[in-house]
Amino acid sequence: MDFLRPASWEEALAAKAEHPTAVPIAGGTDVMVEINFDHRRPEYLMDLTRIGDLYEWEVGDDTVRLGASVSYAQIMEHLRPELPGLALASHTVASPQIRNRGGVGGNLGTASPAGDAHPALLAAGAEVEVESVRGSRRIPIDDFYTGVKRNALAPDELIRAVHVKKADGPQQYSKVGTRNAMVIAVCAFGLALHPETRTVRTGIGSAAPTPIRAKAAEDFLNAALEEGGFWDNGKIVTPSVAKQFADLCAAACNPIDDVRGTASYRRHAVGVMARRTLAWTWESYRGAHRTTEGAA
């Protein structure tokens, strides 16, 4: 196994063009585990730790641009107001040591259905900025996952950044694991309210071959909230609406039985998380709604 160590982004793109099978490594929290257990033996490893641009973030008017190597710890510390769902997901990642090393770019590159960041990115409506010597492009998060641990990157492309819309409403994240830390998700669920567009987005992890959205559940809830005037009146979402939303989220799953949990348990747990996160996010929205009305 050869080791490539580019000193700049341009060098990294040139190296990836010359060696398309090279596996990029920054935090190494996924890649090194696979190598250590001999599950993967790439011909080339490409160390990206000297490329400073990958560790920077920028908060714009509408979106946050996260360099691919911005760590989970930095997201938790600096970007909680702008990216609350992703910050909550970051809290659940492994241990403090791994949260200081790992980043969203690595999660996306590995594209494991159990990756902790995926449900939050799906719910927020992120875009992945990728680049090669041929140029750059942005891939909508809905189009990024193409199969089990497969993504939409071309062989010569590298992930440079992730663009995530700033939260315009409450967001939540929930994860089921066999213990509270250092655990791969049995299943996970992300939910984001978008009051500006009066829409809801979901994200489900570890309950299908790829991270997915529960689109039928979103469509149902969007219609129910609009028809009931909930966005305007700030009333509590009725139990029947919450139950139907949860059932549709569970139905969106296509899980497997494995050592961490059964398929039936995963479906059930996703439904429970969907109902709970809806209650949490909507109560936050109602609180902000009442405050706005009081100020008026």
# chains A, B, ... in the order shown; residues from 1 in each chain; ligands from 1
>>> select_by_dssp(residues="stretch 86-170 of chain A", states="strand (DSSP E or B)", output="NGL selection string")
:A and (103 or 127-132 or 135-140 or 145-147 or 150-151 or 158-165)
>>> write_last_selection(atoms="N, CA and C atoms", output="PDB file, in the first residue's frame")
ATOM      1  N   GLY A 103     -15.135  13.773  10.706  1.00  0.00           N
ATOM      2  CA  GLY A 103     -15.914  14.860  10.144  1.00  0.00           C
ATOM      3  C   GLY A 103     -16.965  14.362   9.177  1.00  0.00           C
ATOM      4  N   GLU A 127     -26.156  19.941   0.355  1.00  0.00           N
ATOM      5  CA  GLU A 127     -25.532  19.665  -0.937  1.00  0.00           C
ATOM      6  C   GLU A 127     -24.063  19.352  -0.703  1.00  0.00           C
ATOM      7  N   VAL A 128     -23.539  18.400  -1.465  1.00  0.00           N
ATOM      8  CA  VAL A 128     -22.147  17.980  -1.315  1.00  0.00           C
ATOM      9  C   VAL A 128     -21.330  18.589  -2.453  1.00  0.00           C
ATOM     10  N   GLU A 129     -20.319  19.377  -2.097  1.00  0.00           N
ATOM     11  CA  GLU A 129     -19.437  20.004  -3.091  1.00  0.00           C
ATOM     12  C   GLU A 129     -18.277  19.055  -3.377  1.00  0.00           C
ATOM     13  N   VAL A 130     -18.186  18.610  -4.620  1.00  0.00           N
ATOM     14  CA  VAL A 130     -17.112  17.693  -5.012  1.00  0.00           C
ATOM     15  C   VAL A 130     -16.332  18.319  -6.155  1.00  0.00           C
ATOM     16  N   GLU A 131     -15.089  17.867  -6.301  1.00  0.00           N
ATOM     17  CA  GLU A 131     -14.226  18.487  -7.303  1.00  0.00           C
ATOM     18  C   GLU A 131     -13.229  17.466  -7.851  1.00  0.00           C
ATOM     19  N   SER A 132     -12.828  17.691  -9.089  1.00  0.00           N
ATOM     20  CA  SER A 132     -11.768  16.932  -9.728  1.00  0.00           C
ATOM     21  C   SER A 132     -10.991  17.903 -10.607  1.00  0.00           C
ATOM     22  N   GLY A 135     -13.198  19.916 -12.898  1.00  0.00           N
ATOM     23  CA  GLY A 135     -14.075  20.978 -12.427  1.00  0.00           C
ATOM     24  C   GLY A 135     -14.809  20.559 -11.163  1.00  0.00           C
ATOM     25  N   SER A 136     -15.707  21.422 -10.697  1.00  0.00           N
ATOM     26  CA  SER A 136     -16.445  21.150  -9.468  1.00  0.00           C
ATOM     27  C   SER A 136     -17.940  21.084  -9.757  1.00  0.00           C
ATOM     28  N   ARG A 137     -18.664  20.465  -8.846  1.00  0.00           N
ATOM     29  CA  ARG A 137     -20.114  20.384  -8.948  1.00  0.00           C
ATOM     30  C   ARG A 137     -20.695  20.161  -7.550  1.00  0.00           C
ATOM     31  N   ARG A 138     -21.988  20.418  -7.434  1.00  0.00           N
ATOM     32  CA  ARG A 138     -22.691  20.168  -6.178  1.00  0.00           C
ATOM     33  C   ARG A 138     -23.722  19.064  -6.395  1.00  0.00           C
ATOM     34  N   ILE A 139     -23.703  18.097  -5.498  1.00  0.00           N
ATOM     35  CA  ILE A 139     -24.629  16.974  -5.581  1.00  0.00           C
ATOM     36  C   ILE A 139     -25.666  17.122  -4.475  1.00  0.00           C
ATOM     37  N   PRO A 140     -26.954  17.246  -4.803  1.00  0.00           N
ATOM     38  CA  PRO A 140     -27.978  17.282  -3.753  1.00  0.00           C
ATOM     39  C   PRO A 140     -27.906  16.018  -2.900  1.00  0.00           C
ATOM     40  N   TYR A 145     -26.456   9.207  -2.218  1.00  0.00           N
ATOM     41  CA  TYR A 145     -26.301   7.801  -1.821  1.00  0.00           C
ATOM     42  C   TYR A 145     -26.851   6.901  -2.925  1.00  0.00           C
ATOM     43  N   THR A 146     -26.010   6.040  -3.462  1.00  0.00           N
ATOM     44  CA  THR A 146     -26.403   5.227  -4.616  1.00  0.00           C
ATOM     45  C   THR A 146     -26.499   3.736  -4.310  1.00  0.00           C
ATOM     46  N   GLY A 147     -26.074   3.308  -3.141  1.00  0.00           N
ATOM     47  CA  GLY A 147     -26.122   1.900  -2.769  1.00  0.00           C
ATOM     48  C   GLY A 147     -25.433   1.695  -1.444  1.00  0.00           C
ATOM     49  N   ARG A 150     -22.003   3.097  -1.128  1.00  0.00           N
ATOM     50  CA  ARG A 150     -21.649   3.655  -2.427  1.00  0.00           C
ATOM     51  C   ARG A 150     -22.255   5.050  -2.543  1.00  0.00           C
ATOM     52  N   ASN A 151     -21.526   5.927  -3.237  1.00  0.00           N
ATOM     53  CA  ASN A 151     -22.015   7.289  -3.413  1.00  0.00           C
ATOM     54  C   ASN A 151     -21.842   7.729  -4.863  1.00  0.00           C
ATOM     55  N   LEU A 158     -13.066  14.258  -5.358  1.00  0.00           N
ATOM     56  CA  LEU A 158     -12.906  14.312  -3.907  1.00  0.00           C
ATOM     57  C   LEU A 158     -13.974  15.239  -3.331  1.00  0.00           C
ATOM     58  N   ILE A 159     -14.391  14.948  -2.110  1.00  0.00           N
ATOM     59  CA  ILE A 159     -15.339  15.822  -1.413  1.00  0.00           C
ATOM     60  C   ILE A 159     -14.579  17.002  -0.834  1.00  0.00           C
ATOM     61  N   ARG A 160     -15.002  18.209  -1.208  1.00  0.00           N
ATOM     62  CA  ARG A 160     -14.336  19.405  -0.693  1.00  0.00           C
ATOM     63  C   ARG A 160     -15.097  20.053   0.458  1.00  0.00           C
ATOM     64  N   ALA A 161     -16.423  20.062   0.371  1.00  0.00           N
ATOM     65  CA  ALA A 161     -17.216  20.742   1.398  1.00  0.00           C
ATOM     66  C   ALA A 161     -18.643  20.234   1.353  1.00  0.00           C
ATOM     67  N   VAL A 162     -19.386  20.597   2.375  1.00  0.00           N
ATOM     68  CA  VAL A 162     -20.817  20.318   2.440  1.00  0.00           C
ATOM     69  C   VAL A 162     -21.525  21.639   2.693  1.00  0.00           C
ATOM     70  N   HIS A 163     -22.551  21.918   1.907  1.00  0.00           N
ATOM     71  CA  HIS A 163     -23.343  23.132   2.065  1.00  0.00           C
ATOM     72  C   HIS A 163     -24.670  22.752   2.726  1.00  0.00           C
ATOM     73  N   VAL A 164     -24.919  23.308   3.900  1.00  0.00           N
ATOM     74  CA  VAL A 164     -26.112  22.960   4.668  1.00  0.00           C
ATOM     75  C   VAL A 164     -26.928  24.225   4.912  1.00  0.00           C
ATOM     76  N   LYS A 165     -28.215  24.167   4.610  1.00  0.00           N
ATOM     77  CA  LYS A 165     -29.082  25.314   4.848  1.00  0.00           C
ATOM     78  C   LYS A 165     -29.150  25.623   6.342  1.00  0.00           C
TER      79      LYS A 165
END
>>> residues_around(residues="A:Ala242", least_positions_apart="5", cutoff="9 Å", atoms="only C-alpha atoms", output="number ranges by chain")
A: 221, 237, 247, 274-276, 278-279
>>> closest_residue(among="A:Ala126, A:Ala167, A:Ala89, A:Val104", to="A:Gly190", atoms="only C-alpha atoms")
A:Ala89
>>> residues_around(residues="stretch 47-54 of chain A", least_positions_apart="4", cutoff="9 Å", atoms="only C-alpha atoms", output="ChimeraX atom specification")
/A:3-9,12,23-27,66-70,160-161
>>> atom_distance(atom1="atom CA of A:Tyr173", atom2="atom CA of A:Cys187")
11.2 Å
>>> select_by_dssp(residues="stretch 31-279 of chain A", states="alpha helix (DSSP H)", output="compact mmCIF listing (two decimals) with N, CA and C atoms, in the first residue's frame")
# COMPACT_ATOMS: atom_id res chain seq x y z
N VAL A 31 -11.83 4.66 7.80
CA VAL A 31 -10.89 3.94 6.94
C VAL A 31 -9.94 3.07 7.74
N MET A 32 -9.40 3.60 8.83
CA MET A 32 -8.41 2.83 9.58
C MET A 32 -9.01 1.60 10.26
N VAL A 33 -10.27 1.69 10.64
CA VAL A 33 -10.93 0.52 11.22
C VAL A 33 -11.00 -0.60 10.17
N GLU A 34 -11.39 -0.25 8.95
CA GLU A 34 -11.48 -1.26 7.90
C GLU A 34 -10.12 -1.85 7.57
N ILE A 35 -9.09 -1.00 7.55
CA ILE A 35 -7.75 -1.50 7.25
C ILE A 35 -7.24 -2.38 8.39
N ASN A 36 -7.46 -1.94 9.62
CA ASN A 36 -6.96 -2.71 10.78
C ASN A 36 -7.59 -4.09 10.87
N TYR A 72 -16.61 16.94 14.15
CA TYR A 72 -17.88 16.95 14.87
C TYR A 72 -17.80 17.84 16.10
N ALA A 73 -16.65 17.84 16.76
CA ALA A 73 -16.50 18.68 17.95
C ALA A 73 -16.64 20.16 17.61
N GLN A 74 -16.11 20.57 16.47
CA GLN A 74 -16.22 21.97 16.06
C GLN A 74 -17.66 22.33 15.70
N ILE A 75 -18.37 21.40 15.07
CA ILE A 75 -19.78 21.64 14.76
C ILE A 75 -20.57 21.83 16.04
N MET A 76 -20.32 20.98 17.03
CA MET A 76 -21.02 21.09 18.32
C MET A 76 -20.72 22.41 19.01
N GLU A 77 -19.47 22.86 18.94
CA GLU A 77 -19.05 24.04 19.69
C GLU A 77 -19.43 25.34 18.99
N HIS A 78 -19.31 25.37 17.66
CA HIS A 78 -19.41 26.65 16.95
C HIS A 78 -20.67 26.81 16.09
N PRO A 84 -28.61 22.94 14.14
CA PRO A 84 -28.92 22.22 15.38
C PRO A 84 -29.07 20.72 15.21
N GLY A 85 -29.65 20.28 14.09
CA GLY A 85 -29.80 18.85 13.88
C GLY A 85 -28.47 18.15 13.73
N LEU A 86 -27.56 18.75 12.96
CA LEU A 86 -26.24 18.16 12.77
C LEU A 86 -25.43 18.21 14.06
N ALA A 87 -25.61 19.26 14.87
CA ALA A 87 -24.92 19.33 16.15
C ALA A 87 -25.41 18.22 17.09
N LEU A 88 -26.71 17.96 17.11
CA LEU A 88 -27.24 16.87 17.93
C LEU A 88 -26.70 15.52 17.45
N ALA A 89 -26.65 15.33 16.14
CA ALA A 89 -26.10 14.09 15.60
C ALA A 89 -24.63 13.94 15.98
N SER A 90 -23.89 15.05 15.95
CA SER A 90 -22.47 15.02 16.30
C SER A 90 -22.26 14.56 17.73
N HIS A 91 -23.18 14.92 18.62
CA HIS A 91 -23.09 14.51 20.02
C HIS A 91 -23.09 12.99 20.18
N PRO A 96 -15.17 11.33 22.63
CA PRO A 96 -14.58 12.66 22.41
C PRO A 96 -13.39 12.64 21.46
N GLN A 97 -12.57 11.61 21.56
CA GLN A 97 -11.39 11.53 20.69
C GLN A 97 -11.80 11.46 19.22
N ILE A 98 -12.81 10.63 18.93
CA ILE A 98 -13.25 10.47 17.55
C ILE A 98 -13.99 11.70 17.09
N ARG A 99 -14.75 12.35 17.98
CA ARG A 99 -15.44 13.59 17.59
C ARG A 99 -14.45 14.70 17.27
N ASN A 100 -13.27 14.64 17.85
CA ASN A 100 -12.23 15.62 17.54
C ASN A 100 -11.51 15.31 16.22
N ARG A 101 -11.61 14.10 15.73
CA ARG A 101 -10.92 13.71 14.50
C ARG A 101 -11.85 13.56 13.31
N VAL A 104 -17.82 15.27 8.75
CA VAL A 104 -18.93 14.93 7.88
C VAL A 104 -18.44 14.41 6.53
N GLY A 105 -17.32 14.97 6.02
CA GLY A 105 -16.80 14.51 4.74
C GLY A 105 -16.47 13.03 4.75
N GLY A 106 -15.91 12.55 5.86
CA GLY A 106 -15.61 11.13 5.97
C GLY A 106 -16.85 10.27 6.00
N ASN A 107 -17.88 10.74 6.74
CA ASN A 107 -19.16 10.03 6.77
C ASN A 107 -19.73 9.89 5.37
N LEU A 108 -19.66 10.98 4.60
CA LEU A 108 -20.20 10.96 3.24
C LEU A 108 -19.38 10.06 2.33
N GLY A 109 -18.06 10.12 2.47
CA GLY A 109 -17.21 9.30 1.63
C GLY A 109 -17.43 7.82 1.87
N THR A 110 -17.59 7.43 3.14
CA THR A 110 -17.85 6.03 3.46
C THR A 110 -19.25 5.62 3.03
N HIS A 118 -25.80 11.39 8.38
CA HIS A 118 -26.67 11.32 7.20
C HIS A 118 -28.12 11.76 7.47
N PRO A 119 -28.79 11.27 8.52
CA PRO A 119 -30.18 11.70 8.73
C PRO A 119 -30.32 13.21 8.90
N ALA A 120 -29.37 13.83 9.60
CA ALA A 120 -29.43 15.28 9.79
C ALA A 120 -29.20 16.02 8.48
N LEU A 121 -28.29 15.53 7.65
CA LEU A 121 -28.03 16.18 6.36
C LEU A 121 -29.22 16.05 5.42
N LEU A 122 -29.88 14.89 5.44
CA LEU A 122 -31.06 14.69 4.62
C LEU A 122 -32.19 15.61 5.07
N ALA A 123 -32.40 15.70 6.39
CA ALA A 123 -33.48 16.53 6.91
C ALA A 123 -33.24 18.01 6.64
N ALA A 124 -31.98 18.42 6.64
CA ALA A 124 -31.65 19.83 6.42
C ALA A 124 -31.62 20.20 4.94
N LYS A 215 -40.46 10.01 2.41
CA LYS A 215 -41.12 11.04 1.60
C LYS A 215 -42.64 10.97 1.71
N ALA A 216 -43.21 9.78 1.77
CA ALA A 216 -44.66 9.67 1.92
C ALA A 216 -45.10 10.27 3.26
N ALA A 217 -44.30 10.05 4.29
CA ALA A 217 -44.61 10.62 5.61
C ALA A 217 -44.50 12.14 5.56
N GLU A 218 -43.50 12.64 4.87
CA GLU A 218 -43.36 14.09 4.73
C GLU A 218 -44.56 14.69 4.01
N ASP A 219 -44.95 14.06 2.91
CA ASP A 219 -46.08 14.57 2.13
C ASP A 219 -47.35 14.59 2.98
N PHE A 220 -47.57 13.52 3.72
CA PHE A 220 -48.75 13.46 4.59
C PHE A 220 -48.72 14.57 5.63
N LEU A 221 -47.59 14.72 6.31
CA LEU A 221 -47.51 15.71 7.38
C LEU A 221 -47.60 17.13 6.82
N ASN A 222 -46.96 17.37 5.69
CA ASN A 222 -47.05 18.70 5.07
C ASN A 222 -48.51 19.06 4.78
N ALA A 223 -49.25 18.10 4.24
CA ALA A 223 -50.66 18.35 3.91
C ALA A 223 -51.49 18.54 5.18
N ALA A 224 -51.24 17.71 6.20
CA ALA A 224 -52.01 17.79 7.44
C ALA A 224 -51.76 19.12 8.16
N LEU A 225 -50.51 19.56 8.20
CA LEU A 225 -50.20 20.83 8.86
C LEU A 225 -50.83 22.00 8.12
N GLU A 226 -50.82 21.94 6.79
CA GLU A 226 -51.39 23.03 6.00
C GLU A 226 -52.91 23.05 6.09
N GLU A 227 -53.53 21.88 5.94
CA GLU A 227 -54.99 21.82 5.97
C GLU A 227 -55.55 22.20 7.35
N PHE A 230 -52.02 24.54 11.11
CA PHE A 230 -51.14 24.44 12.27
C PHE A 230 -49.98 25.43 12.23
N TRP A 231 -49.48 25.72 11.03
CA TRP A 231 -48.37 26.67 10.95
C TRP A 231 -48.79 28.05 11.47
N ASP A 232 -50.05 28.39 11.27
CA ASP A 232 -50.53 29.72 11.68
C ASP A 232 -51.07 29.74 13.10
N ASN A 233 -51.80 28.69 13.49
CA ASN A 233 -52.42 28.73 14.81
C ASN A 233 -51.54 28.19 15.93
N PRO A 239 -52.94 13.64 18.01
CA PRO A 239 -52.35 12.30 18.11
C PRO A 239 -52.54 11.46 16.86
N SER A 240 -53.69 11.60 16.18
CA SER A 240 -53.93 10.80 14.98
C SER A 240 -52.96 11.17 13.86
N VAL A 241 -52.66 12.47 13.72
CA VAL A 241 -51.69 12.92 12.73
C VAL A 241 -50.30 12.41 13.08
N ALA A 242 -49.92 12.52 14.35
CA ALA A 242 -48.60 12.06 14.79
C ALA A 242 -48.45 10.56 14.56
N LYS A 243 -49.51 9.79 14.86
CA LYS A 243 -49.45 8.33 14.68
C LYS A 243 -49.31 7.97 13.21
N GLN A 244 -50.08 8.62 12.36
CA GLN A 244 -50.00 8.32 10.92
C GLN A 244 -48.62 8.67 10.38
N PHE A 245 -48.08 9.80 10.81
CA PHE A 245 -46.73 10.18 10.40
C PHE A 245 -45.72 9.13 10.83
N ALA A 246 -45.82 8.68 12.07
CA ALA A 246 -44.89 7.67 12.59
C ALA A 246 -45.02 6.36 11.81
N ASP A 247 -46.26 5.95 11.53
CA ASP A 247 -46.47 4.70 10.79
C ASP A 247 -45.88 4.78 9.39
N LEU A 248 -46.02 5.93 8.74
CA LEU A 248 -45.48 6.09 7.39
C LEU A 248 -43.95 6.12 7.42
N CYS A 249 -43.37 6.70 8.46
CA CYS A 249 -41.90 6.67 8.59
C CYS A 249 -41.41 5.24 8.75
N ALA A 250 -42.09 4.46 9.58
CA ALA A 250 -41.71 3.06 9.76
C ALA A 250 -41.85 2.28 8.46
N ALA A 251 -42.92 2.58 7.71
CA ALA A 251 -43.15 1.87 6.45
C ALA A 251 -42.11 2.20 5.39
N ALA A 263 -34.96 -6.58 11.92
CA ALA A 263 -35.64 -5.68 11.00
C ALA A 263 -36.92 -5.13 11.63
N SER A 264 -37.69 -6.01 12.29
CA SER A 264 -38.94 -5.56 12.90
C SER A 264 -38.69 -4.55 14.01
N TYR A 265 -37.63 -4.75 14.78
CA TYR A 265 -37.32 -3.78 15.84
C TYR A 265 -36.93 -2.44 15.24
N ARG A 266 -36.15 -2.46 14.17
CA ARG A 266 -35.75 -1.21 13.54
C ARG A 266 -36.97 -0.43 13.04
N ARG A 267 -37.89 -1.12 12.41
CA ARG A 267 -39.10 -0.43 11.94
C ARG A 267 -39.86 0.19 13.11
N HIS A 268 -40.03 -0.60 14.16
CA HIS A 268 -40.74 -0.10 15.33
C HIS A 268 -40.02 1.10 15.93
N ALA A 269 -38.71 1.02 16.07
CA ALA A 269 -37.94 2.10 16.70
C ALA A 269 -37.99 3.37 15.86
N VAL A 270 -37.94 3.23 14.54
CA VAL A 270 -38.03 4.42 13.68
C VAL A 270 -39.38 5.11 13.88
N GLY A 271 -40.45 4.33 13.98
CA GLY A 271 -41.76 4.91 14.23
C GLY A 271 -41.82 5.65 15.55
N VAL A 272 -41.24 5.07 16.58
CA VAL A 272 -41.21 5.73 17.89
C VAL A 272 -40.40 7.02 17.83
N MET A 273 -39.23 6.97 17.19
CA MET A 273 -38.41 8.18 17.09
C MET A 273 -39.09 9.26 16.26
N ALA A 274 -39.80 8.85 15.20
CA ALA A 274 -40.51 9.83 14.38
C ALA A 274 -41.57 10.55 15.20
N ARG A 275 -42.34 9.81 15.97
CA ARG A 275 -43.39 10.41 16.78
C ARG A 275 -42.80 11.34 17.84
N ARG A 276 -41.73 10.90 18.48
CA ARG A 276 -41.12 11.71 19.54
C ARG A 276 -40.46 12.97 18.99
N THR A 277 -39.71 12.83 17.90
CA THR A 277 -39.04 14.02 17.36
C THR A 277 -40.05 15.02 16.81
N LEU A 278 -41.17 14.52 16.28
CA LEU A 278 -42.22 15.43 15.84
C LEU A 278 -42.77 16.21 17.04
N ALA A 279 -43.00 15.52 18.15
CA ALA A 279 -43.50 16.21 19.35
C ALA A 279 -42.51 17.25 19.84
>>> atom_distance(atom1="atom CA of A:Glu196", atom2="atom CA of A:Ser71")
29.0 Å
>>> atom_distance(atom1="atom CA of A:Leu153", atom2="atom CA of A:Ala111")
10.7 Å
>>> closest_residue(among="A:Gly203, A:Pro209, A:Asn254, A:Trp282", to="A:Ile236", atoms="only C-alpha atoms")
A:Trp282
>>> closest_residue(among="A:Phe144, A:Arg41, A:Ala181, A:Pro155", to="A:Pro20", atoms="only C-alpha atoms")
A:Pro155
>>> residues_around(residues="A:Ala188", least_positions_apart="2", cutoff="6 Å", atoms="only C-alpha atoms", output="PyMOL selection string")
chain A and resi 174-175+204-205
>>> write_last_selection(atoms="all heavy atoms", output="tab-separated table (two decimals), in the first residue's frame")
chain	number	residue	atom	x	y	z
A	174	SER	N	-32.48	11.68	16.72
A	174	SER	CA	-32.60	10.62	17.71
A	174	SER	C	-31.91	9.37	17.18
A	174	SER	O	-31.93	9.10	15.98
A	174	SER	CB	-34.08	10.33	17.99
A	174	SER	OG	-34.24	9.43	19.07
A	175	LYS	N	-31.31	8.62	18.09
A	175	LYS	CA	-30.53	7.45	17.69
A	175	LYS	C	-30.74	6.33	18.70
A	175	LYS	O	-30.76	6.57	19.91
A	175	LYS	CB	-29.05	7.83	17.63
A	175	LYS	CG	-28.06	6.68	17.40
A	175	LYS	CD	-26.64	7.23	17.37
A	175	LYS	CE	-25.57	6.15	17.34
A	175	LYS	NZ	-24.21	6.71	17.29
A	204	ILE	N	-33.49	9.08	7.68
A	204	ILE	CA	-33.47	7.80	8.40
A	204	ILE	C	-32.14	7.12	8.14
A	204	ILE	O	-31.69	7.02	7.00
A	204	ILE	CB	-34.62	6.88	7.96
A	204	ILE	CG1	-35.98	7.54	8.25
A	204	ILE	CG2	-34.53	5.52	8.66
A	204	ILE	CD1	-37.16	6.77	7.71
A	205	GLY	N	-31.51	6.64	9.20
A	205	GLY	CA	-30.23	5.95	9.08
A	205	GLY	C	-30.31	4.53	9.61
A	205	GLY	O	-31.08	4.23	10.54
>>> closest_residue(among="A:Ala288, A:Ala152, A:Ala22, A:Val64", to="A:Glu82", atoms="only C-alpha atoms")
A:Val64
>>> decode(residues="stretch 16-32 of chain A", atoms="N, CA and C atoms", output="mmCIF file, in the first residue's frame")
data_model
loop_
_atom_site.group_PDB
_atom_site.id
_atom_site.type_symbol
_atom_site.label_atom_id
_atom_site.label_comp_id
_atom_site.auth_asym_id
_atom_site.auth_seq_id
_atom_site.Cartn_x
_atom_site.Cartn_y
_atom_site.Cartn_z
ATOM 1 N N LYS A 16 -5.403 12.300 -7.295
ATOM 2 C CA LYS A 16 -6.615 11.482 -7.446
ATOM 3 C C LYS A 16 -6.876 11.181 -8.918
ATOM 4 N N ALA A 17 -6.560 12.136 -9.799
ATOM 5 C CA ALA A 17 -6.717 11.900 -11.235
ATOM 6 C C ALA A 17 -5.745 10.833 -11.718
ATOM 7 N N GLU A 18 -4.537 10.863 -11.177
ATOM 8 C CA GLU A 18 -3.522 9.874 -11.578
ATOM 9 C C GLU A 18 -3.776 8.514 -10.961
ATOM 10 N N HIS A 19 -4.328 8.513 -9.744
ATOM 11 C CA HIS A 19 -4.585 7.254 -9.022
ATOM 12 C C HIS A 19 -6.049 7.229 -8.577
ATOM 13 N N PRO A 20 -6.989 6.947 -9.459
ATOM 14 C CA PRO A 20 -8.418 7.010 -9.113
ATOM 15 C C PRO A 20 -8.831 6.071 -7.990
ATOM 16 N N THR A 21 -8.042 5.010 -7.748
ATOM 17 C CA THR A 21 -8.405 4.073 -6.681
ATOM 18 C C THR A 21 -7.894 4.518 -5.316
ATOM 19 N N ALA A 22 -7.165 5.634 -5.264
ATOM 20 C CA ALA A 22 -6.635 6.120 -3.988
ATOM 21 C C ALA A 22 -7.772 6.443 -3.029
ATOM 22 N N VAL A 23 -7.626 6.001 -1.798
ATOM 23 C CA VAL A 23 -8.645 6.236 -0.768
ATOM 24 C C VAL A 23 -8.223 7.430 0.071
ATOM 25 N N PRO A 24 -9.013 8.517 0.086
ATOM 26 C CA PRO A 24 -8.642 9.677 0.904
ATOM 27 C C PRO A 24 -8.817 9.383 2.384
ATOM 28 N N ILE A 25 -7.925 9.955 3.186
ATOM 29 C CA ILE A 25 -8.002 9.782 4.628
ATOM 30 C C ILE A 25 -7.710 11.125 5.286
ATOM 31 N N ALA A 26 -8.569 11.520 6.212
ATOM 32 C CA ALA A 26 -8.372 12.771 6.969
ATOM 33 C C ALA A 26 -8.448 12.431 8.452
ATOM 34 N N GLY A 27 -9.679 12.239 8.966
ATOM 35 C CA GLY A 27 -9.806 11.793 10.356
ATOM 36 C C GLY A 27 -9.396 10.345 10.514
ATOM 37 N N GLY A 28 -9.712 9.534 9.498
ATOM 38 C CA GLY A 28 -9.326 8.125 9.525
ATOM 39 C C GLY A 28 -10.183 7.249 10.409
ATOM 40 N N THR A 29 -11.282 7.797 10.958
ATOM 41 C CA THR A 29 -12.062 7.038 11.929
ATOM 42 C C THR A 29 -12.857 5.899 11.304
ATOM 43 N N ASP A 30 -13.099 5.950 10.009
ATOM 44 C CA ASP A 30 -13.737 4.835 9.303
ATOM 45 C C ASP A 30 -12.708 3.992 8.561
ATOM 46 N N VAL A 31 -11.834 4.659 7.804
ATOM 47 C CA VAL A 31 -10.891 3.945 6.939
ATOM 48 C C VAL A 31 -9.943 3.069 7.743
ATOM 49 N N MET A 32 -9.397 3.599 8.828
ATOM 50 C CA MET A 32 -8.409 2.832 9.582
ATOM 51 C C MET A 32 -9.013 1.605 10.256
#
